[in-house]
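Here's input.tsv, which has TSV, all heavy atoms:
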```tsv
chain	number	residue	atom	x	y	z
A	100	MET	N	-8.75	-13.27	-18.00
A	100	MET	CA	-9.55	-14.38	-17.52
A	100	MET	C	-8.63	-15.55	-17.17
A	100	MET	O	-7.60	-15.73	-17.77
A	100	MET	CB	-10.57	-14.81	-18.56
A	100	MET	CG	-11.66	-13.81	-18.79
A	100	MET	SD	-13.17	-14.66	-19.17
A	100	MET	CE	-14.19	-13.26	-19.41
A	101	LEU	N	-9.07	-16.27	-16.21
A	101	LEU	CA	-8.34	-17.43	-15.74
A	101	LEU	C	-9.24	-18.63	-15.96
A	101	LEU	O	-10.18	-18.84	-15.20
A	101	LEU	CB	-7.99	-17.26	-14.26
A	101	LEU	CG	-7.27	-18.38	-13.54
A	101	LEU	CD1	-5.84	-18.50	-14.06
A	101	LEU	CD2	-7.23	-18.11	-12.06
A	102	SER	N	-8.99	-19.36	-17.03
A	102	SER	CA	-9.85	-20.50	-17.39
A	102	SER	C	-11.32	-20.07	-17.47
A	102	SER	O	-12.21	-20.75	-16.99
A	102	SER	CB	-9.70	-21.64	-16.39
A	102	SER	OG	-8.37	-22.09	-16.35
A	103	GLY	N	-11.56	-18.86	-18.04
A	103	GLY	CA	-12.91	-18.37	-18.20
A	103	GLY	C	-13.46	-17.61	-17.01
A	103	GLY	O	-14.55	-17.07	-17.06
A	104	THR	N	-12.70	-17.57	-15.92
A	104	THR	CA	-13.14	-16.86	-14.72
A	104	THR	C	-12.62	-15.42	-14.78
A	104	THR	O	-11.43	-15.21	-14.95
A	104	THR	CB	-12.57	-17.54	-13.46
A	104	THR	OG1	-13.03	-18.89	-13.43
A	104	THR	CG2	-13.01	-16.82	-12.20
A	105	PRO	N	-13.51	-14.43	-14.64
A	105	PRO	CA	-13.04	-13.03	-14.65
A	105	PRO	C	-12.10	-12.76	-13.47
A	105	PRO	O	-12.38	-13.17	-12.35
A	105	PRO	CB	-14.32	-12.22	-14.52
A	105	PRO	CG	-15.44	-13.14	-14.86
A	105	PRO	CD	-14.96	-14.52	-14.52
A	106	VAL	N	-11.00	-12.10	-13.77
A	106	VAL	CA	-10.01	-11.75	-12.75
A	106	VAL	C	-9.75	-10.26	-12.78
A	106	VAL	O	-10.08	-9.57	-13.74
A	106	VAL	CB	-8.68	-12.52	-12.97
A	106	VAL	CG1	-8.88	-14.01	-12.84
A	106	VAL	CG2	-8.05	-12.17	-14.30
A	107	PHE	N	-9.14	-9.75	-11.71
A	107	PHE	CA	-8.71	-8.36	-11.69
A	107	PHE	C	-7.59	-8.20	-12.72
A	107	PHE	O	-6.72	-9.08	-12.83
A	107	PHE	CB	-8.21	-7.96	-10.30
A	107	PHE	CG	-9.31	-7.79	-9.30
A	107	PHE	CD1	-9.67	-8.83	-8.45
A	107	PHE	CD2	-10.01	-6.59	-9.21
A	107	PHE	CE1	-10.69	-8.68	-7.53
A	107	PHE	CE2	-11.03	-6.43	-8.29
A	107	PHE	CZ	-11.38	-7.48	-7.45
A	108	LYS	N	-7.60	-7.08	-13.44
A	108	LYS	CA	-6.63	-6.84	-14.50
A	108	LYS	C	-5.20	-6.96	-13.98
A	108	LYS	O	-4.87	-6.47	-12.89
A	108	LYS	CB	-6.84	-5.43	-15.08
A	108	LYS	CG	-5.98	-5.14	-16.27
A	108	LYS	CD	-6.33	-3.81	-16.87
A	108	LYS	CE	-5.47	-3.58	-18.10
A	108	LYS	NZ	-5.85	-2.37	-18.81
A	109	ASN	N	-4.38	-7.63	-14.76
A	109	ASN	CA	-2.96	-7.85	-14.47
A	109	ASN	C	-2.72	-8.69	-13.20
A	109	ASN	O	-1.67	-8.57	-12.57
A	109	ASN	CB	-2.20	-6.53	-14.38
A	109	ASN	CG	-2.23	-5.76	-15.68
A	109	ASN	OD1	-2.15	-6.34	-16.76
A	109	ASN	ND2	-2.37	-4.45	-15.60
A	110	THR	N	-3.71	-9.49	-12.82
A	110	THR	CA	-3.56	-10.40	-11.69
A	110	THR	C	-4.13	-11.76	-12.08
A	110	THR	O	-4.72	-11.91	-13.15
A	110	THR	CB	-4.30	-9.92	-10.43
A	110	THR	OG1	-5.71	-10.16	-10.58
A	110	THR	CG2	-4.05	-8.45	-10.14
A	111	ARG	N	-4.02	-12.70	-11.17
A	111	ARG	CA	-4.68	-13.99	-11.33
A	111	ARG	C	-5.72	-14.17	-10.22
A	111	ARG	O	-6.09	-15.28	-9.88
A	111	ARG	CB	-3.64	-15.12	-11.30
A	111	ARG	CG	-2.69	-15.04	-12.48
A	111	ARG	CD	-1.64	-16.13	-12.47
A	111	ARG	NE	-2.17	-17.48	-12.46
A	111	ARG	CZ	-2.55	-18.18	-13.54
A	111	ARG	NH1	-2.47	-17.63	-14.72
A	111	ARG	NH2	-3.00	-19.39	-13.40
A	112	VAL	N	-6.18	-13.06	-9.66
A	112	VAL	CA	-7.13	-13.07	-8.55
A	112	VAL	C	-8.55	-12.96	-9.11
A	112	VAL	O	-8.91	-11.94	-9.70
A	112	VAL	CB	-6.87	-11.92	-7.56
A	112	VAL	CG1	-7.87	-11.95	-6.42
A	112	VAL	CG2	-5.43	-11.97	-7.04
A	113	PRO	N	-9.36	-13.99	-8.93
A	113	PRO	CA	-10.74	-13.94	-9.41
A	113	PRO	C	-11.55	-12.84	-8.72
A	113	PRO	O	-11.43	-12.63	-7.51
A	113	PRO	CB	-11.31	-15.32	-9.06
A	113	PRO	CG	-10.11	-16.20	-8.93
A	113	PRO	CD	-9.03	-15.30	-8.37
A	114	ILE	N	-12.36	-12.16	-9.49
A	114	ILE	CA	-13.25	-11.13	-8.94
A	114	ILE	C	-14.15	-11.73	-7.87
A	114	ILE	O	-14.42	-11.11	-6.85
A	114	ILE	CB	-14.06	-10.48	-10.08
A	114	ILE	CG1	-13.12	-9.62	-10.92
A	114	ILE	CG2	-15.22	-9.67	-9.55
A	114	ILE	CD1	-13.71	-9.09	-12.20
A	115	LYS	N	-14.59	-12.96	-8.09
A	115	LYS	CA	-15.48	-13.63	-7.14
A	115	LYS	C	-14.85	-13.72	-5.74
A	115	LYS	O	-15.57	-13.73	-4.74
A	115	LYS	CB	-15.85	-15.01	-7.65
A	115	LYS	CG	-16.85	-15.74	-6.76
A	115	LYS	CD	-17.21	-17.09	-7.33
A	115	LYS	CE	-18.24	-17.83	-6.52
A	115	LYS	NZ	-18.07	-17.83	-5.09
A	116	THR	N	-13.55	-13.74	-5.66
A	116	THR	CA	-12.88	-13.83	-4.36
A	116	THR	C	-13.21	-12.61	-3.51
A	116	THR	O	-13.47	-12.74	-2.31
A	116	THR	CB	-11.36	-13.99	-4.54
A	116	THR	OG1	-11.12	-15.12	-5.37
A	116	THR	CG2	-10.66	-14.18	-3.21
A	117	LEU	N	-13.22	-11.43	-4.11
A	117	LEU	CA	-13.59	-10.22	-3.35
A	117	LEU	C	-15.04	-10.31	-2.88
A	117	LEU	O	-15.33	-10.02	-1.72
A	117	LEU	CB	-13.40	-8.96	-4.20
A	117	LEU	CG	-13.91	-7.66	-3.57
A	117	LEU	CD1	-13.23	-7.38	-2.24
A	117	LEU	CD2	-13.72	-6.50	-4.54
A	118	ILE	N	-15.92	-10.75	-3.75
A	118	ILE	CA	-17.33	-10.90	-3.38
A	118	ILE	C	-17.47	-11.90	-2.24
A	118	ILE	O	-18.23	-11.66	-1.29
A	118	ILE	CB	-18.17	-11.34	-4.60
A	118	ILE	CG1	-17.99	-10.38	-5.79
A	118	ILE	CG2	-19.64	-11.48	-4.22
A	118	ILE	CD1	-18.25	-8.93	-5.50
A	119	ASP	N	-16.74	-12.99	-2.31
A	119	ASP	CA	-16.78	-14.00	-1.24
A	119	ASP	C	-16.29	-13.41	0.09
A	119	ASP	O	-16.89	-13.68	1.14
A	119	ASP	CB	-15.95	-15.22	-1.61
A	119	ASP	CG	-16.55	-16.03	-2.75
A	119	ASP	OD1	-17.74	-15.83	-3.07
A	119	ASP	OD2	-15.82	-16.85	-3.33
A	120	TYR	N	-15.22	-12.64	0.04
A	120	TYR	CA	-14.70	-12.01	1.26
A	120	TYR	C	-15.76	-11.11	1.89
A	120	TYR	O	-16.03	-11.19	3.09
A	120	TYR	CB	-13.46	-11.17	0.95
A	120	TYR	CG	-12.15	-11.86	1.21
A	120	TYR	CD1	-11.77	-13.00	0.50
A	120	TYR	CD2	-11.27	-11.37	2.16
A	120	TYR	CE1	-10.56	-13.62	0.73
A	120	TYR	CE2	-10.05	-11.99	2.40
A	120	TYR	CZ	-9.70	-13.11	1.68
A	120	TYR	OH	-8.50	-13.74	1.92
A	121	LEU	N	-16.35	-10.24	1.08
A	121	LEU	CA	-17.33	-9.31	1.61
A	121	LEU	C	-18.57	-10.03	2.11
A	121	LEU	O	-19.13	-9.66	3.14
A	121	LEU	CB	-17.69	-8.28	0.53
A	121	LEU	CG	-16.53	-7.39	0.07
A	121	LEU	CD1	-16.99	-6.49	-1.07
A	121	LEU	CD2	-15.94	-6.60	1.21
A	122	SER	N	-18.98	-11.07	1.42
A	122	SER	CA	-20.14	-11.86	1.86
A	122	SER	C	-19.90	-12.55	3.19
A	122	SER	O	-20.83	-12.77	3.97
A	122	SER	CB	-20.49	-12.91	0.80
A	122	SER	OG	-20.90	-12.30	-0.39
A	123	ALA	N	-18.64	-12.87	3.46
A	123	ALA	CA	-18.28	-13.54	4.71
A	123	ALA	C	-18.05	-12.54	5.85
A	123	ALA	O	-17.68	-12.94	6.96
A	123	ALA	CB	-17.03	-14.39	4.50
A	124	GLY	N	-18.24	-11.26	5.57
A	124	GLY	CA	-18.07	-10.25	6.61
A	124	GLY	C	-16.68	-9.66	6.71
A	124	GLY	O	-16.39	-8.88	7.62
A	125	GLU	N	-15.81	-10.05	5.80
A	125	GLU	CA	-14.45	-9.49	5.78
A	125	GLU	C	-14.50	-8.09	5.15
A	125	GLU	O	-15.46	-7.73	4.50
A	125	GLU	CB	-13.51	-10.39	4.96
A	125	GLU	CG	-13.40	-11.80	5.47
A	125	GLU	CD	-12.64	-11.92	6.78
A	125	GLU	OE1	-11.79	-11.05	7.07
A	125	GLU	OE2	-12.89	-12.88	7.52
A	126	THR	N	-13.44	-7.34	5.33
A	126	THR	CA	-13.37	-6.00	4.78
A	126	THR	C	-12.54	-5.98	3.50
A	126	THR	O	-11.82	-6.94	3.20
A	126	THR	CB	-12.73	-5.03	5.79
A	126	THR	OG1	-11.36	-5.41	5.96
A	126	THR	CG2	-13.46	-5.02	7.12
A	127	ILE	N	-12.64	-4.86	2.80
A	127	ILE	CA	-11.79	-4.68	1.62
A	127	ILE	C	-10.33	-4.71	2.04
A	127	ILE	O	-9.49	-5.28	1.35
A	127	ILE	CB	-12.13	-3.37	0.88
A	127	ILE	CG1	-13.52	-3.47	0.25
A	127	ILE	CG2	-11.10	-3.05	-0.19
A	127	ILE	CD1	-14.01	-2.19	-0.38
A	128	ALA	N	-10.02	-4.12	3.19
A	128	ALA	CA	-8.64	-4.12	3.69
A	128	ALA	C	-8.13	-5.54	3.92
A	128	ALA	O	-6.98	-5.86	3.58
A	128	ALA	CB	-8.53	-3.30	4.96
A	129	ASP	N	-8.99	-6.41	4.46
A	129	ASP	CA	-8.60	-7.81	4.65
A	129	ASP	C	-8.26	-8.46	3.31
A	129	ASP	O	-7.26	-9.16	3.17
A	129	ASP	CB	-9.72	-8.61	5.32
A	129	ASP	CG	-10.03	-8.16	6.73
A	129	ASP	OD1	-9.10	-7.72	7.44
A	129	ASP	OD2	-11.22	-8.26	7.12
A	130	PHE	N	-9.12	-8.22	2.33
A	130	PHE	CA	-8.92	-8.77	1.00
A	130	PHE	C	-7.61	-8.27	0.40
A	130	PHE	O	-6.81	-9.06	-0.11
A	130	PHE	CB	-10.11	-8.40	0.10
A	130	PHE	CG	-9.91	-8.75	-1.34
A	130	PHE	CD1	-10.09	-10.05	-1.78
A	130	PHE	CD2	-9.53	-7.79	-2.27
A	130	PHE	CE1	-9.89	-10.39	-3.13
A	130	PHE	CE2	-9.35	-8.10	-3.60
A	130	PHE	CZ	-9.53	-9.41	-4.02
A	131	LEU	N	-7.38	-6.97	0.49
A	131	LEU	CA	-6.17	-6.38	-0.09
A	131	LEU	C	-4.91	-6.88	0.62
A	131	LEU	O	-3.87	-7.06	-0.02
A	131	LEU	CB	-6.25	-4.86	-0.04
A	131	LEU	CG	-7.34	-4.25	-0.92
A	131	LEU	CD1	-7.44	-2.75	-0.66
A	131	LEU	CD2	-7.14	-4.55	-2.39
A	132	ASP	N	-5.00	-7.12	1.92
A	132	ASP	CA	-3.86	-7.68	2.65
A	132	ASP	C	-3.52	-9.09	2.14
A	132	ASP	O	-2.35	-9.45	2.03
A	132	ASP	CB	-4.15	-7.76	4.14
A	132	ASP	CG	-4.07	-6.41	4.84
A	132	ASP	OD1	-3.51	-5.45	4.26
A	132	ASP	OD2	-4.58	-6.31	5.96
A	133	ASP	N	-4.56	-9.86	1.84
A	133	ASP	CA	-4.34	-11.24	1.39
A	133	ASP	C	-4.00	-11.34	-0.10
A	133	ASP	O	-3.43	-12.33	-0.53
A	133	ASP	CB	-5.58	-12.09	1.69
A	133	ASP	CG	-5.76	-12.33	3.18
A	133	ASP	OD1	-4.80	-12.12	3.95
A	133	ASP	OD2	-6.87	-12.74	3.57
A	134	PHE	N	-4.38	-10.31	-0.87
A	134	PHE	CA	-4.14	-10.32	-2.32
A	134	PHE	C	-3.50	-9.00	-2.74
A	134	PHE	O	-4.14	-8.14	-3.35
A	134	PHE	CB	-5.46	-10.56	-3.08
A	134	PHE	CG	-6.08	-11.88	-2.76
A	134	PHE	CD1	-7.05	-11.98	-1.78
A	134	PHE	CD2	-5.66	-13.04	-3.41
A	134	PHE	CE1	-7.62	-13.20	-1.46
A	134	PHE	CE2	-6.22	-14.26	-3.09
A	134	PHE	CZ	-7.20	-14.35	-2.12
A	135	PRO	N	-2.22	-8.82	-2.42
A	135	PRO	CA	-1.56	-7.53	-2.66
A	135	PRO	C	-1.40	-7.16	-4.13
A	135	PRO	O	-1.07	-6.00	-4.42
A	135	PRO	CB	-0.20	-7.71	-1.97
A	135	PRO	CG	0.01	-9.17	-1.90
A	135	PRO	CD	-1.35	-9.78	-1.78
A	136	THR	N	-1.63	-8.08	-5.04
A	136	THR	CA	-1.54	-7.72	-6.47
A	136	THR	C	-2.76	-6.93	-6.93
A	136	THR	O	-2.73	-6.32	-7.99
A	136	THR	CB	-1.38	-8.97	-7.35
A	136	THR	OG1	-2.48	-9.86	-7.15
A	136	THR	CG2	-0.07	-9.68	-7.06
A	137	VAL	N	-3.83	-6.94	-6.14
A	137	VAL	CA	-5.02	-6.16	-6.45
A	137	VAL	C	-4.88	-4.82	-5.75
A	137	VAL	O	-4.55	-4.76	-4.56
A	137	VAL	CB	-6.31	-6.87	-5.98
A	137	VAL	CG1	-7.53	-6.01	-6.26
A	137	VAL	CG2	-6.45	-8.23	-6.64
A	138	THR	N	-5.14	-3.73	-6.48
A	138	THR	CA	-5.05	-2.41	-5.86
A	138	THR	C	-6.39	-2.02	-5.23
A	138	THR	O	-7.44	-2.55	-5.62
A	138	THR	CB	-4.66	-1.34	-6.89
A	138	THR	OG1	-5.72	-1.19	-7.84
A	138	THR	CG2	-3.35	-1.68	-7.60
A	139	GLN	N	-6.31	-1.10	-4.30
A	139	GLN	CA	-7.54	-0.60	-3.68
A	139	GLN	C	-8.43	0.04	-4.75
A	139	GLN	O	-9.65	-0.12	-4.72
A	139	GLN	CB	-7.19	0.42	-2.60
A	139	GLN	CG	-8.42	0.96	-1.90
A	139	GLN	CD	-8.07	1.87	-0.73
A	139	GLN	OE1	-6.92	2.00	-0.36
A	139	GLN	NE2	-9.07	2.48	-0.17
A	140	GLU	N	-7.83	0.73	-5.68
A	140	GLU	CA	-8.60	1.37	-6.75
A	140	GLU	C	-9.36	0.34	-7.58
A	140	GLU	O	-10.50	0.56	-7.96
A	140	GLU	CB	-7.67	2.20	-7.65
A	140	GLU	CG	-7.09	3.41	-6.96
A	140	GLU	CD	-5.91	3.10	-6.04
A	140	GLU	OE1	-5.32	1.99	-6.13
A	140	GLU	OE2	-5.60	3.94	-5.20
A	141	GLN	N	-8.72	-0.80	-7.87
A	141	GLN	CA	-9.39	-1.85	-8.63
A	141	GLN	C	-10.60	-2.38	-7.86
A	141	GLN	O	-11.67	-2.57	-8.44
A	141	GLN	CB	-8.43	-3.01	-8.92
A	141	GLN	CG	-7.41	-2.73	-9.97
A	141	GLN	CD	-6.45	-3.88	-10.12
A	141	GLN	OE1	-5.80	-4.30	-9.17
A	141	GLN	NE2	-6.34	-4.40	-11.33
A	142	ALA	N	-10.42	-2.65	-6.58
A	142	ALA	CA	-11.50	-3.21	-5.77
A	142	ALA	C	-12.67	-2.24	-5.66
A	142	ALA	O	-13.82	-2.62	-5.85
A	142	ALA	CB	-10.97	-3.58	-4.38
A	143	ILE	N	-12.37	-0.98	-5.39
A	143	ILE	CA	-13.44	0.01	-5.24
A	143	ILE	C	-14.14	0.25	-6.57
A	143	ILE	O	-15.37	0.35	-6.63
A	143	ILE	CB	-12.87	1.30	-4.64
A	143	ILE	CG1	-12.50	1.03	-3.18
A	143	ILE	CG2	-13.87	2.45	-4.74
A	143	ILE	CD1	-11.76	2.14	-2.50
A	144	SER	N	-13.39	0.32	-7.64
A	144	SER	CA	-13.98	0.51	-8.96
A	144	SER	C	-14.94	-0.62	-9.30
A	144	SER	O	-16.04	-0.38	-9.81
A	144	SER	CB	-12.87	0.59	-10.01
A	144	SER	OG	-13.41	0.68	-11.30
A	145	LEU	N	-14.55	-1.83	-8.99
A	145	LEU	CA	-15.42	-2.98	-9.25
A	145	LEU	C	-16.72	-2.86	-8.45
A	145	LEU	O	-17.81	-3.04	-9.00
A	145	LEU	CB	-14.71	-4.28	-8.89
A	145	LEU	CG	-15.58	-5.52	-9.03
A	145	LEU	CD1	-15.71	-5.90	-10.49
A	145	LEU	CD2	-15.03	-6.65	-8.21
A	146	LEU	N	-16.61	-2.55	-7.18
A	146	LEU	CA	-17.79	-2.43	-6.34
A	146	LEU	C	-18.70	-1.29	-6.79
A	146	LEU	O	-19.92	-1.42	-6.76
A	146	LEU	CB	-17.38	-2.26	-4.88
A	146	LEU	CG	-16.67	-3.46	-4.26
A	146	LEU	CD1	-16.18	-3.11	-2.86
A	146	LEU	CD2	-17.56	-4.67	-4.26
A	147	GLN	N	-18.11	-0.20	-7.25
A	147	GLN	CA	-18.91	0.91	-7.76
A	147	GLN	C	-19.67	0.51	-9.02
A	147	GLN	O	-20.82	0.90	-9.19
A	147	GLN	CB	-18.03	2.12	-8.04
A	147	GLN	CG	-17.56	2.81	-6.79
A	147	GLN	CD	-16.57	3.93	-7.06
A	147	GLN	OE1	-15.88	3.95	-8.07
A	147	GLN	NE2	-16.49	4.86	-6.13
A	148	ARG	N	-19.05	-0.29	-9.87
A	148	ARG	CA	-19.74	-0.76	-11.08
A	148	ARG	C	-20.92	-1.66	-10.73
A	148	ARG	O	-21.96	-1.60	-11.37
A	148	ARG	CB	-18.78	-1.49	-12.01
A	148	ARG	CG	-18.00	-0.54	-12.88
A	148	ARG	CD	-17.19	-1.26	-13.89
A	148	ARG	NE	-15.83	-1.27	-13.33
A	148	ARG	CZ	-14.89	-2.13	-13.65
A	148	ARG	NH1	-15.11	-3.06	-14.51
A	148	ARG	NH2	-13.71	-2.04	-13.11
A	149	PHE	N	-20.76	-2.48	-9.70
A	149	PHE	CA	-21.85	-3.37	-9.29
A	149	PHE	C	-22.99	-2.61	-8.61
A	149	PHE	O	-24.13	-3.04	-8.66
A	149	PHE	CB	-21.35	-4.47	-8.35
A	149	PHE	CG	-20.67	-5.60	-9.04
A	149	PHE	CD1	-19.44	-6.06	-8.59
A	149	PHE	CD2	-21.23	-6.23	-10.14
A	149	PHE	CE1	-18.80	-7.12	-9.22
A	149	PHE	CE2	-20.60	-7.28	-10.78
A	149	PHE	CZ	-19.38	-7.72	-10.32
A	150	SER	N	-22.66	-1.51	-7.96
A	150	SER	CA	-23.69	-0.78	-7.23
A	150	SER	C	-24.44	0.21	-8.11
A	150	SER	O	-25.44	0.76	-7.68
A	150	SER	CB	-23.07	-0.04	-6.04
A	150	SER	OG	-22.24	1.01	-6.49
A	151	SER	N	-23.98	0.43	-9.31
A	151	SER	CA	-24.65	1.39	-10.21
A	151	SER	C	-25.89	0.81	-10.84
A	151	SER	O	-26.06	-0.30	-11.08
A	151	SER	CB	-23.70	1.83	-11.31
A	151	SER	OG	-22.59	2.48	-10.77
```
Translate this file's structure into structure tokens.
Amino acid sequence: MLSGTPVFKNTRVPIKTLIDYLSAGETIADFLDDFPTVTQEQAISLLQRFSS
């Protein structure tokens, strides 16, 4: 956590940032290009947990 904000494991990238990207019409690839410390597996795993 970053000041109480959930982040991707072993990064300082807030999970909300991915949600914001997708809400704005950006792709997972765009997000991963801008935040290379997050892996594709982490991003997809998170989205799968939210969709279950």
Minimum-distance residue to Val137 (chain A), chosen among A:Leu121, A:Gly103, A:Ser150, A:Thr110 (using all heavy atoms) = A:Thr110
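In the backbone-derived DSSP annotation, helix (DSSP H, G or I) within chain A comprises Ile114, Lys115, Thr116, Leu117, Ile118, Asp119, Tyr120, Leu121, Ser122, Ile127, Ala128, Asp129, Phe130, Leu131, Asp132, Asp133, Gln139, Glu140, Gln141, Ala142, Ile143, Ser144, Leu145, Leu146, Gln147, Arg148, Phe149 and Ser150 of chain A.
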If you measure from CA of Leu131 (chain A) to CG of Leu117 (chain A), what distance in Å do you get, rounded to one decimal?
->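 Separation between CA of Leu131 (chain A) and CG of Leu117 (chain A): 8.6 Å.
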Please indicate the distance in Å from CB of Ala123 (chain A) to ND2 of Asn109 (chain A), rounded to one decimal place.
-> 26.8 Å
Using DSSP on the backbone, list every residue of chain A that comes out as strand (DSSP E or B), and give them as a ChimeraX atom specification.
-> /A:101,104,106,113
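Here CA of Asp133 (chain A) is placed at a distance of 21.1 Å from CA of Gln147 (chain A).
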Using only C-alpha atoms: which of A:Asp132, A:Tyr120, A:Glu125, A:Ala142 has the shortest distance to Val106 (chain A) |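 When distances to Val106 (chain A) are compared using only C-alpha atoms, the smallest one comes from A:Ala142.
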